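Enquirer: Hey, dropping entry-v3.cif in here, mmCIF, C-alpha atoms:
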data_target
loop_
_atom_site.label_atom_id
_atom_site.label_comp_id
_atom_site.auth_asym_id
_atom_site.auth_seq_id
_atom_site.Cartn_x
_atom_site.Cartn_y
_atom_site.Cartn_z
CA MET A 1 14.19 -32.19 9.33
CA SER A 2 11.68 -31.68 6.52
CA TYR A 3 10.91 -28.32 4.92
CA LYS A 4 7.42 -28.45 6.38
CA ASP A 5 8.88 -28.84 9.87
CA ALA A 6 11.18 -25.88 9.16
CA GLN A 7 8.29 -23.52 8.42
CA PRO A 8 8.32 -20.47 10.71
CA LEU A 9 5.70 -20.38 13.42
CA THR A 10 2.72 -18.08 13.02
CA VAL A 11 2.95 -15.28 15.61
CA TYR A 12 -0.13 -13.30 16.61
CA ASN A 13 1.39 -11.89 19.81
CA ALA A 14 4.85 -10.49 19.05
CA ARG A 15 5.38 -9.61 22.71
CA GLU A 16 6.33 -13.23 23.17
CA LEU A 17 9.41 -12.51 21.03
CA GLY A 18 10.63 -9.72 23.29
CA THR A 19 10.88 -5.93 22.90
CA GLY A 20 14.08 -5.95 20.85
CA LYS A 21 12.73 -8.33 18.25
CA MET A 22 9.47 -6.38 18.03
CA ILE A 23 11.43 -3.20 17.27
CA LEU A 24 13.38 -4.99 14.53
CA LEU A 25 10.14 -6.28 13.03
CA GLY A 26 8.70 -2.77 13.11
CA MET A 27 11.77 -1.39 11.35
CA GLN A 28 11.36 -4.06 8.68
CA HIS A 29 7.85 -2.80 7.90
CA THR A 30 9.16 0.78 7.80
CA PHE A 31 11.81 -0.21 5.25
CA ALA A 32 9.22 -2.07 3.18
CA MET A 33 6.91 0.92 2.84
CA PHE A 34 9.56 3.64 2.59
CA GLY A 35 10.47 3.47 -1.09
CA ALA A 36 6.94 3.64 -2.47
CA THR A 37 5.74 6.10 0.17
CA VAL A 38 8.36 8.75 -0.62
CA LEU A 39 7.98 8.22 -4.37
CA VAL A 40 4.52 9.81 -4.35
CA PRO A 41 5.70 13.19 -3.00
CA LEU A 42 8.66 13.08 -5.39
CA LEU A 43 6.24 12.67 -8.31
CA THR A 44 3.71 15.26 -7.12
CA GLY A 45 5.86 17.88 -5.41
CA LEU A 46 4.48 17.24 -1.93
CA ASN A 47 6.84 17.37 1.05
CA VAL A 48 8.59 14.07 1.88
CA SER A 49 8.76 14.72 5.63
CA THR A 50 5.06 15.61 5.75
CA THR A 51 4.31 12.41 3.86
CA LEU A 52 6.21 10.27 6.39
CA LEU A 53 4.55 12.03 9.32
CA MET A 54 1.08 11.50 7.89
CA ALA A 55 1.80 7.87 7.00
CA GLY A 56 2.69 7.25 10.64
CA LEU A 57 -0.16 9.25 12.14
CA GLY A 58 -2.62 7.87 9.59
CA THR A 59 -1.61 4.31 10.45
CA LEU A 60 -2.08 4.95 14.18
CA LEU A 61 -5.48 6.55 13.51
CA PHE A 62 -6.47 3.55 11.39
CA HIS A 63 -5.49 1.18 14.20
CA PHE A 64 -7.50 3.21 16.71
CA VAL A 65 -10.62 3.12 14.52
CA THR A 66 -10.23 -0.61 13.81
CA LYS A 67 -9.86 -1.49 17.51
CA ARG A 68 -6.14 -2.21 17.01
CA LYS A 69 -7.00 -5.52 15.32
CA VAL A 70 -5.87 -5.13 11.69
CA PRO A 71 -2.11 -5.43 10.90
CA ALA A 72 -2.20 -2.84 8.12
CA PHE A 73 0.20 0.01 7.37
CA LEU A 74 -1.10 3.07 5.54
CA GLY A 75 1.28 4.62 3.01
CA SER A 76 0.99 7.00 0.06
CA SER A 77 -1.62 6.09 -2.54
CA PHE A 78 -0.57 6.02 -6.21
CA ALA A 79 -4.20 6.05 -7.33
CA PHE A 80 -4.45 9.83 -6.93
CA LEU A 81 -1.38 10.69 -9.03
CA GLY A 82 -3.57 11.46 -12.03
CA GLY A 83 -5.65 13.83 -9.90
CA TYR A 84 -2.57 15.69 -8.70
CA ALA A 85 -1.27 15.89 -12.27
CA ALA A 86 -4.58 17.38 -13.44
CA VAL A 87 -4.97 19.95 -10.66
CA ALA A 88 -1.33 20.75 -9.79
CA PRO A 89 1.02 19.64 -12.59
CA MET A 90 4.74 20.00 -11.91
CA ILE A 91 6.29 23.10 -13.53
CA ASP A 92 9.62 22.26 -15.20
CA GLY A 93 10.18 19.56 -12.58
CA ALA A 94 9.39 21.93 -9.69
CA PRO A 95 6.35 21.64 -7.36
CA ASN A 96 3.28 23.66 -8.29
CA THR A 97 3.08 25.28 -4.86
CA GLU A 98 0.13 27.47 -5.86
CA MET A 99 -2.20 24.60 -6.86
CA LEU A 100 -0.98 21.75 -4.63
CA PRO A 101 -3.10 22.89 -1.64
CA TYR A 102 -6.22 22.73 -3.84
CA ALA A 103 -5.30 19.21 -4.94
CA CYS A 104 -4.95 18.30 -1.27
CA GLY A 105 -8.41 19.75 -0.70
CA GLY A 106 -9.83 17.40 -3.32
CA VAL A 107 -8.09 14.44 -1.66
CA ALA A 108 -9.47 15.48 1.74
CA VAL A 109 -13.02 15.35 0.35
CA ALA A 110 -12.25 11.96 -1.26
CA GLY A 111 -11.37 10.68 2.20
CA LEU A 112 -14.75 11.85 3.48
CA LEU A 113 -16.46 9.74 0.79
CA TYR A 114 -14.95 6.71 2.55
CA VAL A 115 -16.79 7.81 5.68
CA VAL A 116 -20.11 7.88 3.81
CA VAL A 117 -19.58 4.41 2.33
CA SER A 118 -18.49 3.02 5.70
CA LEU A 119 -21.84 4.14 7.10
CA LEU A 120 -23.62 2.18 4.35
CA PHE A 121 -21.65 -0.93 5.28
CA ASN A 122 -22.56 -0.40 8.91
CA VAL A 123 -26.27 0.01 8.14
CA PHE A 124 -26.69 -2.89 5.72
CA GLY A 125 -24.12 -5.25 7.29
CA ALA A 126 -21.08 -6.95 5.82
CA LYS A 127 -22.95 -10.15 4.93
CA ARG A 128 -25.34 -8.39 2.57
CA VAL A 129 -22.69 -6.12 1.05
CA MET A 130 -20.07 -8.88 0.65
CA ARG A 131 -22.37 -10.83 -1.68
CA PHE A 132 -21.05 -8.36 -4.23
CA PHE A 133 -17.44 -9.24 -3.32
CA PRO A 134 -17.13 -13.06 -3.28
CA PRO A 135 -13.71 -14.77 -3.67
CA VAL A 136 -14.25 -15.10 -7.42
CA VAL A 137 -14.14 -11.28 -7.50
CA THR A 138 -11.69 -10.40 -4.72
CA GLY A 139 -9.22 -13.21 -5.58
CA PRO A 140 -8.51 -12.03 -9.16
CA ILE A 141 -8.44 -8.42 -7.95
CA ILE A 142 -5.73 -9.30 -5.39
CA ILE A 143 -3.83 -11.19 -8.09
CA SER A 144 -4.09 -8.15 -10.34
CA ILE A 145 -2.73 -5.80 -7.65
CA GLY A 146 0.53 -7.75 -7.51
CA LEU A 147 0.82 -8.13 -11.29
CA ILE A 148 0.18 -4.42 -11.90
CA LEU A 149 2.98 -3.55 -9.48
CA ALA A 150 5.35 -6.11 -11.03
CA PRO A 151 6.75 -3.91 -13.84
CA SER A 152 7.91 -1.30 -11.32
CA ALA A 153 9.84 -4.03 -9.48
CA ILE A 154 11.54 -5.13 -12.72
CA ALA A 155 12.28 -1.52 -13.65
CA ASN A 156 14.03 -1.00 -10.32
CA CYS A 157 15.88 -4.32 -10.65
CA SER A 158 17.19 -3.24 -14.04
CA GLN A 159 19.02 -0.34 -12.36
CA ASN A 160 21.40 -2.86 -10.80
CA TRP A 161 20.64 -6.53 -11.31
CA LEU A 162 23.53 -7.63 -9.08
CA LEU A 163 22.10 -5.87 -6.04
CA ALA A 164 18.56 -6.99 -6.92
CA VAL A 165 19.56 -10.66 -7.14
CA ILE A 166 21.59 -10.47 -3.91
CA ALA A 167 18.63 -8.93 -2.06
CA LEU A 168 16.25 -11.56 -3.45
CA VAL A 169 18.57 -14.50 -2.71
CA VAL A 170 19.20 -13.34 0.88
CA ILE A 171 15.44 -13.00 1.46
CA VAL A 172 14.82 -16.53 0.17
CA ILE A 173 17.69 -18.05 2.16
CA CYS A 174 16.66 -16.33 5.39
CA ASN A 175 13.01 -17.27 4.97
CA ILE A 176 13.63 -20.92 4.06
CA TRP A 177 16.78 -21.87 5.97
CA GLY A 178 17.15 -19.12 8.53
CA ARG A 179 16.84 -19.82 12.23
CA GLY A 180 15.27 -17.82 15.03
CA MET A 181 14.95 -14.09 14.44
CA ILE A 182 16.70 -14.28 11.06
CA ARG A 183 13.74 -16.19 9.66
CA ILE A 184 11.18 -13.53 10.55
CA ILE A 185 13.16 -10.50 9.33
CA PRO A 186 14.12 -11.68 5.81
CA ILE A 187 13.30 -8.32 4.20
CA MET A 188 15.57 -6.40 6.56
CA MET A 189 18.36 -8.96 6.09
CA GLY A 190 18.01 -8.68 2.30
CA ILE A 191 18.31 -4.90 2.49
CA ILE A 192 21.25 -4.91 4.91
CA VAL A 193 23.35 -7.49 3.05
CA SER A 194 22.72 -5.99 -0.40
CA TYR A 195 23.33 -2.45 0.95
CA ILE A 196 26.74 -3.55 2.27
CA VAL A 197 27.53 -4.88 -1.21
CA ALA A 198 26.33 -1.57 -2.67
CA LEU A 199 28.70 0.32 -0.35
CA ILE A 200 31.61 -1.89 -1.38
CA THR A 201 30.88 -1.47 -5.09
CA GLY A 202 30.30 2.27 -4.83
CA ALA A 203 26.64 2.06 -5.84
CA VAL A 204 25.34 4.29 -3.03
CA ASP A 205 24.71 7.98 -3.69
CA PHE A 206 25.18 10.01 -0.50
CA SER A 207 24.69 13.41 -2.15
CA GLY A 208 21.24 13.82 -0.62
CA VAL A 209 22.60 13.10 2.84
CA THR A 210 25.52 15.52 2.59
CA SER A 211 23.31 18.22 1.09
CA THR A 212 20.82 17.90 3.94
CA LEU A 213 23.49 17.88 6.65
CA SER A 214 25.12 20.98 5.18
CA ASN A 215 22.02 22.97 6.19
CA GLY A 216 23.05 22.64 9.83
CA LEU A 217 21.00 21.69 12.89
CA VAL A 218 17.85 23.60 11.94
CA GLY A 219 16.41 22.17 8.74
CA GLY A 220 19.23 19.69 8.31
CA ILE A 221 19.39 17.27 11.21
CA VAL A 222 16.07 18.23 12.83
CA ALA A 223 13.19 19.94 11.05
CA MET A 224 9.45 20.40 11.45
CA PRO A 225 7.68 18.17 8.90
CA LEU A 226 4.67 20.48 8.47
CA GLN A 227 4.48 23.59 6.29
CA SER A 228 1.43 25.80 6.78
CA SER A 229 1.67 27.06 3.19
CA ALA A 230 0.95 23.50 1.98
CA PHE A 231 -2.23 23.00 4.04
CA ALA A 232 -5.33 22.09 2.05
CA LYS A 233 -7.47 24.67 0.30
CA PHE A 234 -10.82 23.92 -1.28
CA ASP A 235 -12.04 24.56 -4.80
CA ILE A 236 -15.09 22.91 -6.37
CA SER A 237 -13.30 22.15 -9.64
CA ALA A 238 -10.40 20.43 -7.87
CA ILE A 239 -12.85 18.49 -5.70
CA LEU A 240 -14.84 17.27 -8.71
CA THR A 241 -11.62 16.24 -10.42
CA ILE A 242 -10.07 14.29 -7.55
CA ALA A 243 -12.86 13.13 -5.22
CA PRO A 244 -14.37 10.55 -7.65
CA ILE A 245 -11.07 8.65 -7.60
CA ALA A 246 -12.22 7.41 -4.19
CA ILE A 247 -14.61 5.04 -6.00
CA ALA A 248 -11.62 3.17 -7.39
CA THR A 249 -9.53 3.29 -4.22
CA MET A 250 -12.38 1.91 -2.12
CA MET A 251 -12.47 -1.11 -4.45
CA GLU A 252 -8.74 -1.51 -3.92
CA HIS A 253 -9.24 -1.16 -0.17
CA ILE A 254 -11.64 -4.11 -0.13
CA GLY A 255 -9.09 -6.14 -2.10
CA ASP A 256 -6.30 -5.18 0.31
CA ILE A 257 -8.32 -6.06 3.41
CA SER A 258 -9.28 -9.36 1.77
CA ALA A 259 -5.57 -10.00 1.11
CA ILE A 260 -4.60 -9.23 4.71
CA SER A 261 -7.43 -11.46 5.96
CA ALA A 262 -6.30 -14.30 3.71
CA THR A 263 -2.68 -13.86 4.80
CA THR A 264 -3.34 -13.81 8.53
CA GLU A 265 -6.27 -16.25 8.46
CA ARG A 266 -8.40 -13.70 10.32
CA ASN A 267 -11.73 -12.35 9.07
CA TYR A 268 -11.15 -8.60 9.33
CA ILE A 269 -14.05 -7.88 6.98
CA SER A 270 -16.29 -9.17 9.76
CA ASP A 271 -14.26 -8.15 12.82
CA PRO A 272 -13.63 -5.27 13.29
CA GLY A 273 -15.70 -4.88 10.12
CA LEU A 274 -15.23 -3.40 6.68
CA HIS A 275 -17.11 -0.29 7.83
CA ARG A 276 -14.33 0.36 10.37
CA THR A 277 -11.45 -0.29 7.97
CA LEU A 278 -13.02 2.02 5.38
CA LEU A 279 -13.63 4.65 8.05
CA GLY A 280 -10.04 4.42 9.29
CA ASP A 281 -8.61 4.62 5.77
CA GLY A 282 -10.84 7.56 4.88
CA LEU A 283 -10.13 9.56 8.03
CA ALA A 284 -6.38 8.93 7.61
CA THR A 285 -6.56 10.21 4.03
CA THR A 286 -8.47 13.34 5.06
CA LEU A 287 -6.08 14.01 7.96
CA SER A 288 -3.07 13.69 5.68
CA ALA A 289 -4.49 15.88 2.92
CA VAL A 290 -5.62 18.66 5.28
CA PHE A 291 -2.01 19.08 6.44
CA GLY A 292 -0.47 18.88 2.97
CA GLY A 293 0.20 15.15 2.66
CA PRO A 294 -0.91 12.62 0.02
CA ALA A 295 -3.83 10.22 0.21
CA ASN A 296 -3.19 7.21 2.41
CA THR A 297 -3.96 3.61 1.55
CA THR A 298 -3.45 0.12 2.95
CA TYR A 299 -0.06 -1.02 1.64
CA GLY A 300 0.51 -4.14 -0.45
CA GLU A 301 4.24 -4.14 0.38
CA ASN A 302 3.47 -4.61 4.05
CA THR A 303 1.03 -7.41 3.28
CA GLY A 304 3.93 -9.13 1.53
CA VAL A 305 6.05 -8.69 4.67
CA LEU A 306 3.27 -10.28 6.74
CA ALA A 307 3.22 -13.27 4.40
CA LEU A 308 6.99 -13.72 4.61
CA SER A 309 7.54 -13.16 8.33
CA ARG A 310 4.29 -14.78 9.54
CA VAL A 311 4.22 -12.26 12.38
CA TYR A 312 0.69 -10.87 12.37
CA ASP A 313 0.63 -8.74 15.52
CA PRO A 314 -0.77 -5.25 14.72
CA ALA A 315 1.49 -3.86 17.46
CA VAL A 316 4.47 -4.42 15.14
CA ILE A 317 2.80 -2.21 12.51
CA ARG A 318 2.25 0.49 15.10
CA ILE A 319 5.96 0.38 15.91
CA ALA A 320 6.64 0.91 12.20
CA ALA A 321 4.27 3.89 12.28
CA VAL A 322 6.19 5.42 15.18
CA PHE A 323 9.44 4.99 13.24
CA ALA A 324 7.88 6.78 10.27
CA ILE A 325 6.87 9.67 12.53
CA ILE A 326 10.37 9.89 14.03
CA LEU A 327 11.96 9.82 10.57
CA SER A 328 9.77 12.73 9.48
CA PHE A 329 11.64 14.99 11.94
CA PHE A 330 15.09 13.90 10.71
CA PRO A 331 15.54 14.76 7.01
CA ALA A 332 19.15 13.54 7.01
CA PHE A 333 18.21 10.07 8.25
CA ALA A 334 15.38 9.95 5.75
CA GLU A 335 17.96 10.71 3.05
CA VAL A 336 20.06 7.76 4.27
CA ILE A 337 17.09 5.48 3.74
CA ARG A 338 16.45 7.06 0.35
CA SER A 339 20.06 6.33 -0.58
CA ILE A 340 19.20 2.62 -0.81
CA PRO A 341 19.84 1.88 -4.51
CA ALA A 342 16.86 1.22 -6.75
CA GLY A 343 18.24 -2.23 -7.55
CA ILE A 344 17.83 -3.28 -3.91
CA ILE A 345 14.30 -1.88 -3.78
CA GLY A 346 13.59 -3.82 -6.96
CA GLY A 347 14.83 -7.12 -5.55
CA VAL A 348 12.75 -6.68 -2.41
CA SER A 349 9.69 -5.54 -4.38
CA LEU A 350 9.99 -8.50 -6.75
CA MET A 351 9.37 -10.80 -3.80
CA LEU A 352 6.73 -8.66 -2.09
CA TYR A 353 4.65 -7.98 -5.20
CA GLY A 354 4.79 -11.65 -6.14
CA MET A 355 3.55 -12.49 -2.65
CA ILE A 356 0.49 -10.30 -3.17
CA SER A 357 -0.53 -12.18 -6.32
CA ALA A 358 0.22 -15.49 -4.61
CA ILE A 359 -2.09 -14.48 -1.77
CA GLY A 360 -4.83 -13.86 -4.35
CA ILE A 361 -4.33 -17.36 -5.75
CA ARG A 362 -4.44 -18.75 -2.24
CA ASN A 363 -7.70 -16.86 -1.60
CA VAL A 364 -9.29 -18.51 -4.64
CA VAL A 365 -7.99 -21.98 -3.76
CA GLU A 366 -8.92 -21.92 -0.08
CA ASN A 367 -12.44 -20.74 -0.87
CA GLN A 368 -12.74 -23.57 -3.42
CA VAL A 369 -13.83 -21.36 -6.31
CA ASP A 370 -15.05 -23.73 -9.03
CA PHE A 371 -13.48 -22.73 -12.34
CA THR A 372 -15.25 -25.54 -14.16
CA ASN A 373 -18.24 -23.23 -13.73
CA SER A 374 -18.45 -20.92 -16.75
CA ARG A 375 -19.85 -18.12 -14.61
CA ASN A 376 -16.77 -18.01 -12.38
CA LEU A 377 -14.42 -18.39 -15.34
CA ILE A 378 -16.00 -15.41 -17.12
CA ILE A 379 -15.82 -13.15 -14.05
CA ALA A 380 -12.16 -13.97 -13.33
CA ALA A 381 -11.19 -13.63 -17.01
CA VAL A 382 -12.78 -10.20 -17.38
CA ILE A 383 -11.19 -8.91 -14.16
CA LEU A 384 -7.69 -10.05 -15.09
CA VAL A 385 -7.81 -8.78 -18.68
CA CYS A 386 -9.33 -5.42 -17.74
CA ALA A 387 -6.91 -4.84 -14.86
CA LEU A 388 -3.79 -5.67 -16.84
CA GLY A 389 -4.99 -4.67 -20.30
CA PHE A 390 -6.12 -1.15 -19.46
CA ASN A 391 -3.28 -0.53 -17.02
CA PHE A 392 -0.53 -1.43 -19.48
CA SER A 393 -2.16 -0.04 -22.62
CA ASP A 394 -1.53 3.45 -23.95
CA MET A 395 -4.98 4.38 -22.63
CA GLY A 396 -4.00 3.68 -19.03
CA GLY A 397 -7.68 3.49 -18.19
CA ILE A 398 -10.98 5.04 -19.28
CA SER A 399 -11.58 8.77 -19.19
CA PHE A 400 -14.95 10.47 -19.35
CA THR A 401 -16.36 13.90 -18.64
CA VAL A 402 -18.97 14.73 -16.02
CA ALA A 403 -20.15 18.33 -15.66
CA GLY A 404 -17.13 19.54 -17.56
CA THR A 405 -14.69 17.57 -15.38
CA THR A 406 -12.62 14.71 -16.79
CA ILE A 407 -12.53 11.59 -14.62
CA THR A 408 -10.13 8.71 -15.29
CA LEU A 409 -10.68 5.18 -13.97
CA SER A 410 -7.55 3.04 -13.64
CA GLY A 411 -7.36 -0.47 -15.01
CA LEU A 412 -7.82 -1.91 -11.52
CA ALA A 413 -10.90 0.25 -10.91
CA ILE A 414 -12.40 -0.82 -14.24
CA ALA A 415 -11.67 -4.46 -13.44
CA SER A 416 -13.23 -4.15 -9.99
CA ILE A 417 -16.38 -2.52 -11.32
CA ALA A 418 -16.68 -5.03 -14.16
CA GLY A 419 -16.22 -7.98 -11.78
CA ILE A 420 -18.77 -6.65 -9.32
CA LEU A 421 -21.35 -6.01 -12.04
CA LEU A 422 -20.87 -9.42 -13.66
CA ASN A 423 -21.15 -11.13 -10.28
CA ALA A 424 -24.41 -9.26 -9.61
CA ILE A 425 -25.90 -9.85 -13.07
CA LEU A 426 -24.91 -13.41 -13.96
CA PRO A 427 -27.09 -16.14 -12.43
CA GLY A 428 -25.69 -18.56 -9.89
CA ASN A 429 -24.32 -16.27 -7.18
CA ASN A 430 -24.65 -18.61 -4.20
CA TYR A 431 -21.80 -17.14 -2.15
CA GLU A 432 -22.53 -16.77 1.58
CA PHE A 433 -20.13 -14.59 3.54
CA LYS A 434 -19.15 -16.11 6.88
CA GLU A 435 -19.23 -13.47 9.58
CA ASP A 436 -17.70 -15.58 12.35
#
Please render this file's structure as structure tokens.

Expert:
Amino acid sequence: MSYKDAQPLTVYNARELGTGKMILLGMQHTFAMFGATVLVPLLTGLNVSTTLLMAGLGTLLFHFVTKRKVPAFLGSSFAFLGGYAAVAPMIDGAPNTEMLPYACGGVAVAGLLYVVVSLLFNVFGAKRVMRFFPPVVTGPIIISIGLILAPSAIANCSQNWLLAVIALVVIVICNIWGRGMIRIIPIMMGIIVSYIVALITGAVDFSGVTSTLSNGLVGGIVAMPLQSSAFAKFDISAILTIAPIAIATMMEHIGDISAISATTERNYISDPGLHRTLLGDGLATTLSAVFGGPANTTYGENTGVLALSRVYDPAVIRIAAVFAIILSFFPAFAEVIRSIPAGIIGGVSLMLYGMISAIGIRNVVENQVDFTNSRNLIIAAVILVCALGFNFSDMGGISFTVAGTTITLSGLAIASIAGILLNAILPGNNYEFKED
């Protein structure tokens, strides 16, 4: 049997696999998003349980708005970390409980900006708008998303290279040589096998679990994930500081939806439409922020899982969302998941982040972008250098002041804007977006 013959089948209707397998696939997506999703509240001081609840509810809301067609999971956005740091900086490692609600208020308004832009897409149509986002722009942006995330994968791997390599090797073996269900849950298998090794070698820290359980039934095993004191409050200064970040995250959203479309070979920009995906993402962000959670965003990790498993049924993502909601009520179980060593997360992320960049390359190849054309070469070159150069430089981006408020654009935002402008200005833009 050749390798080509051994390729896993593409599954658009996971119900054909049976309920048990669908649940396992949903759990796999939950594991994939967990590490990055809980990292945002740890860095900002937001509540972890609230974050998980809003990731689950936000994902379900997104699926409702997008007619349940797009296999996307919404997790915590890293793009707003600078905004949280500016409005509600941590105090000696402790959450700034006084200012965090105002930061959430700024994020809530940022989500509403998505709603405004989605209306523009709906009015003018995807075909006209997408002339500004041809594959020569979106492809390098997708590539950049994976490469920007890559250092965090290596940093986690460096915590325990043995566990990282074991996780990576198991994923590869399951995906290439696995049979049946094993082939479509390579991420989960990588985590399970490497976690067993971690237990044997004493690399698992259970202190968080024991500390949580010691609180007893109320607050330990079962706890309400919402805290009224953390609900959003609104201040014009905080709004002006954080809301403009939405400009950058909307660019990333278009790149993520393009990546999911390329992965699943479905045109989600056309159906259900970019106006619906933007609306769903924006409403999910506003919902989360109003109740004290972080901004939500379509998750690259889960796109990597789609590429590996080749199971593209959105119902599987909704199962993952339900798991996230359930986890939010059980702090102890959430701590068990958080006990997964960083080395394992690194090994898994190394594969997933690489998949994102590979999807970007595939997007460029399948759309036959001609790089013998100087115009296309210039656009791609500027996007890649800006995205990586600014992101990994000491600058970290470009900061400027508007009405006394400092706004910082990330490397990816700068690259997106530069690519869009060059595509609009340089002659020879003959790209026609196919809406069917």

Enquirer: So that I can check the surroundings of Pro95 in chain A, please list as a ChimeraX atom specification every protein, DNA and RNA residue that reaches within 12 Å of it, counting all atoms listed in the file and ignoring chain neighbours fewer than 3 positions away.

Expert: /A:41-47,84-85,87-92,98-101,230

Enquirer: Determine the residue set returned by the PyMOL selection byres ((chain A and resi 314-318) around 8) for the present structure, and present it as a PyMOL selection string.

Expert: chain A and resi 14+22-23+25-26+29+59-60+63+68-73+312-313+319-322

Enquirer: Quick one: everything within 10 Å of Val11 in chain A, counting only C-alpha atoms, minus sequence neighbours fewer than 3 positions away in the same chain. Send it as a list of chain:residue names.

Expert: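 Residues meeting the cut-off are A:Pro8, A:Ala14, A:Arg15, A:Glu16, A:Leu17, A:Ile184, A:Thr264, A:Ser309, A:Arg310, A:Val311, A:Tyr312, A:Asp313.
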
Enquirer: Taking only C-alpha atoms into account, name the residue in A:Phe206, A:Phe34, A:Tyr195, A:Tyr102 that is nearest to Leu240 in chain A.

Expert: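 So, comparing all the options, the nearest one is A:Tyr102.
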
Enquirer: How far is it from CA of Leu327 in chain A to CA of Gly75 in chain A, in Å with one decimal?

Expert: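 CA of Gly75 in chain A lies at a distance of 14.1 Å from CA of Leu327 in chain A.
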
Enquirer: Tell me which residues the PyMOL selection byres ((chain A and resi 342) around 8) grabs here, as a list of chain:residue names.

Expert: A:Asn156, A:Cys157, A:Gln159, A:Asn160, A:Ile340, A:Pro341, A:Gly343, A:Ile344, A:Ile345, A:Gly346

Enquirer: Please identify all polymer residues lying at most 8 Å from the point (-22.7, -3.1, -8.5) (file coordinates), using only C-alpha atoms, and present the result as a list in words.

Expert: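 Residues satisfying the cut-off, written out: Phe132, Ile417, Ile420, Leu421 and Ala424 of chain A.
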
Enquirer: Using all atoms listed in the file, find each residue in range 116-172 of chain A having at least one atom no more than 6 Å away from range 351-360 of chain A; report its shortest atom-to-atom pair and that distance in Å (one decimal), rows by chain then rising number, as a Markdown table.

Expert:
| residue | atom | partner | partner_atom | distance |
| --- | --- | --- | --- | --- |
| A:Gly139 | CA | A:Gly360 | CA | 4.6 |
| A:Ile142 | CA | A:Gly360 | CA | 4.8 |
| A:Ile143 | CA | A:Ser357 | CA | 3.9 |
| A:Gly146 | CA | A:Ser357 | CA | 4.7 |

Enquirer: Expand the PyMOL selection byres ((chain A and resi 375) around 10) into the explicit residue set it covers here, and present it as a list in words.

Expert: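 For this structure, the PyMOL selection byres ((chain A and resi 375) around 10) resolves to Val136, Asp370, Phe371, Thr372, Asn373, Ser374, Asn376, Leu377, Ile378, Ile379, Ala380, Leu422, Asn423, Leu426, Pro427, Gly428 and Asn429 of chain A.
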
Enquirer: Just how far from CA of Val369 in chain A is CA of Ile254 in chain A, in Å to one decimal?

Expert: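 Distance between the two atoms: 18.5 Å.
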
Enquirer: Work out how far apart CA of Thr285 in chain A and CA of Thr241 in chain A are and give it in Å to one decimal.

Expert: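 So the two atoms, CA of Thr285 in chain A and CA of Thr241 in chain A, lie 16.5 Å apart.
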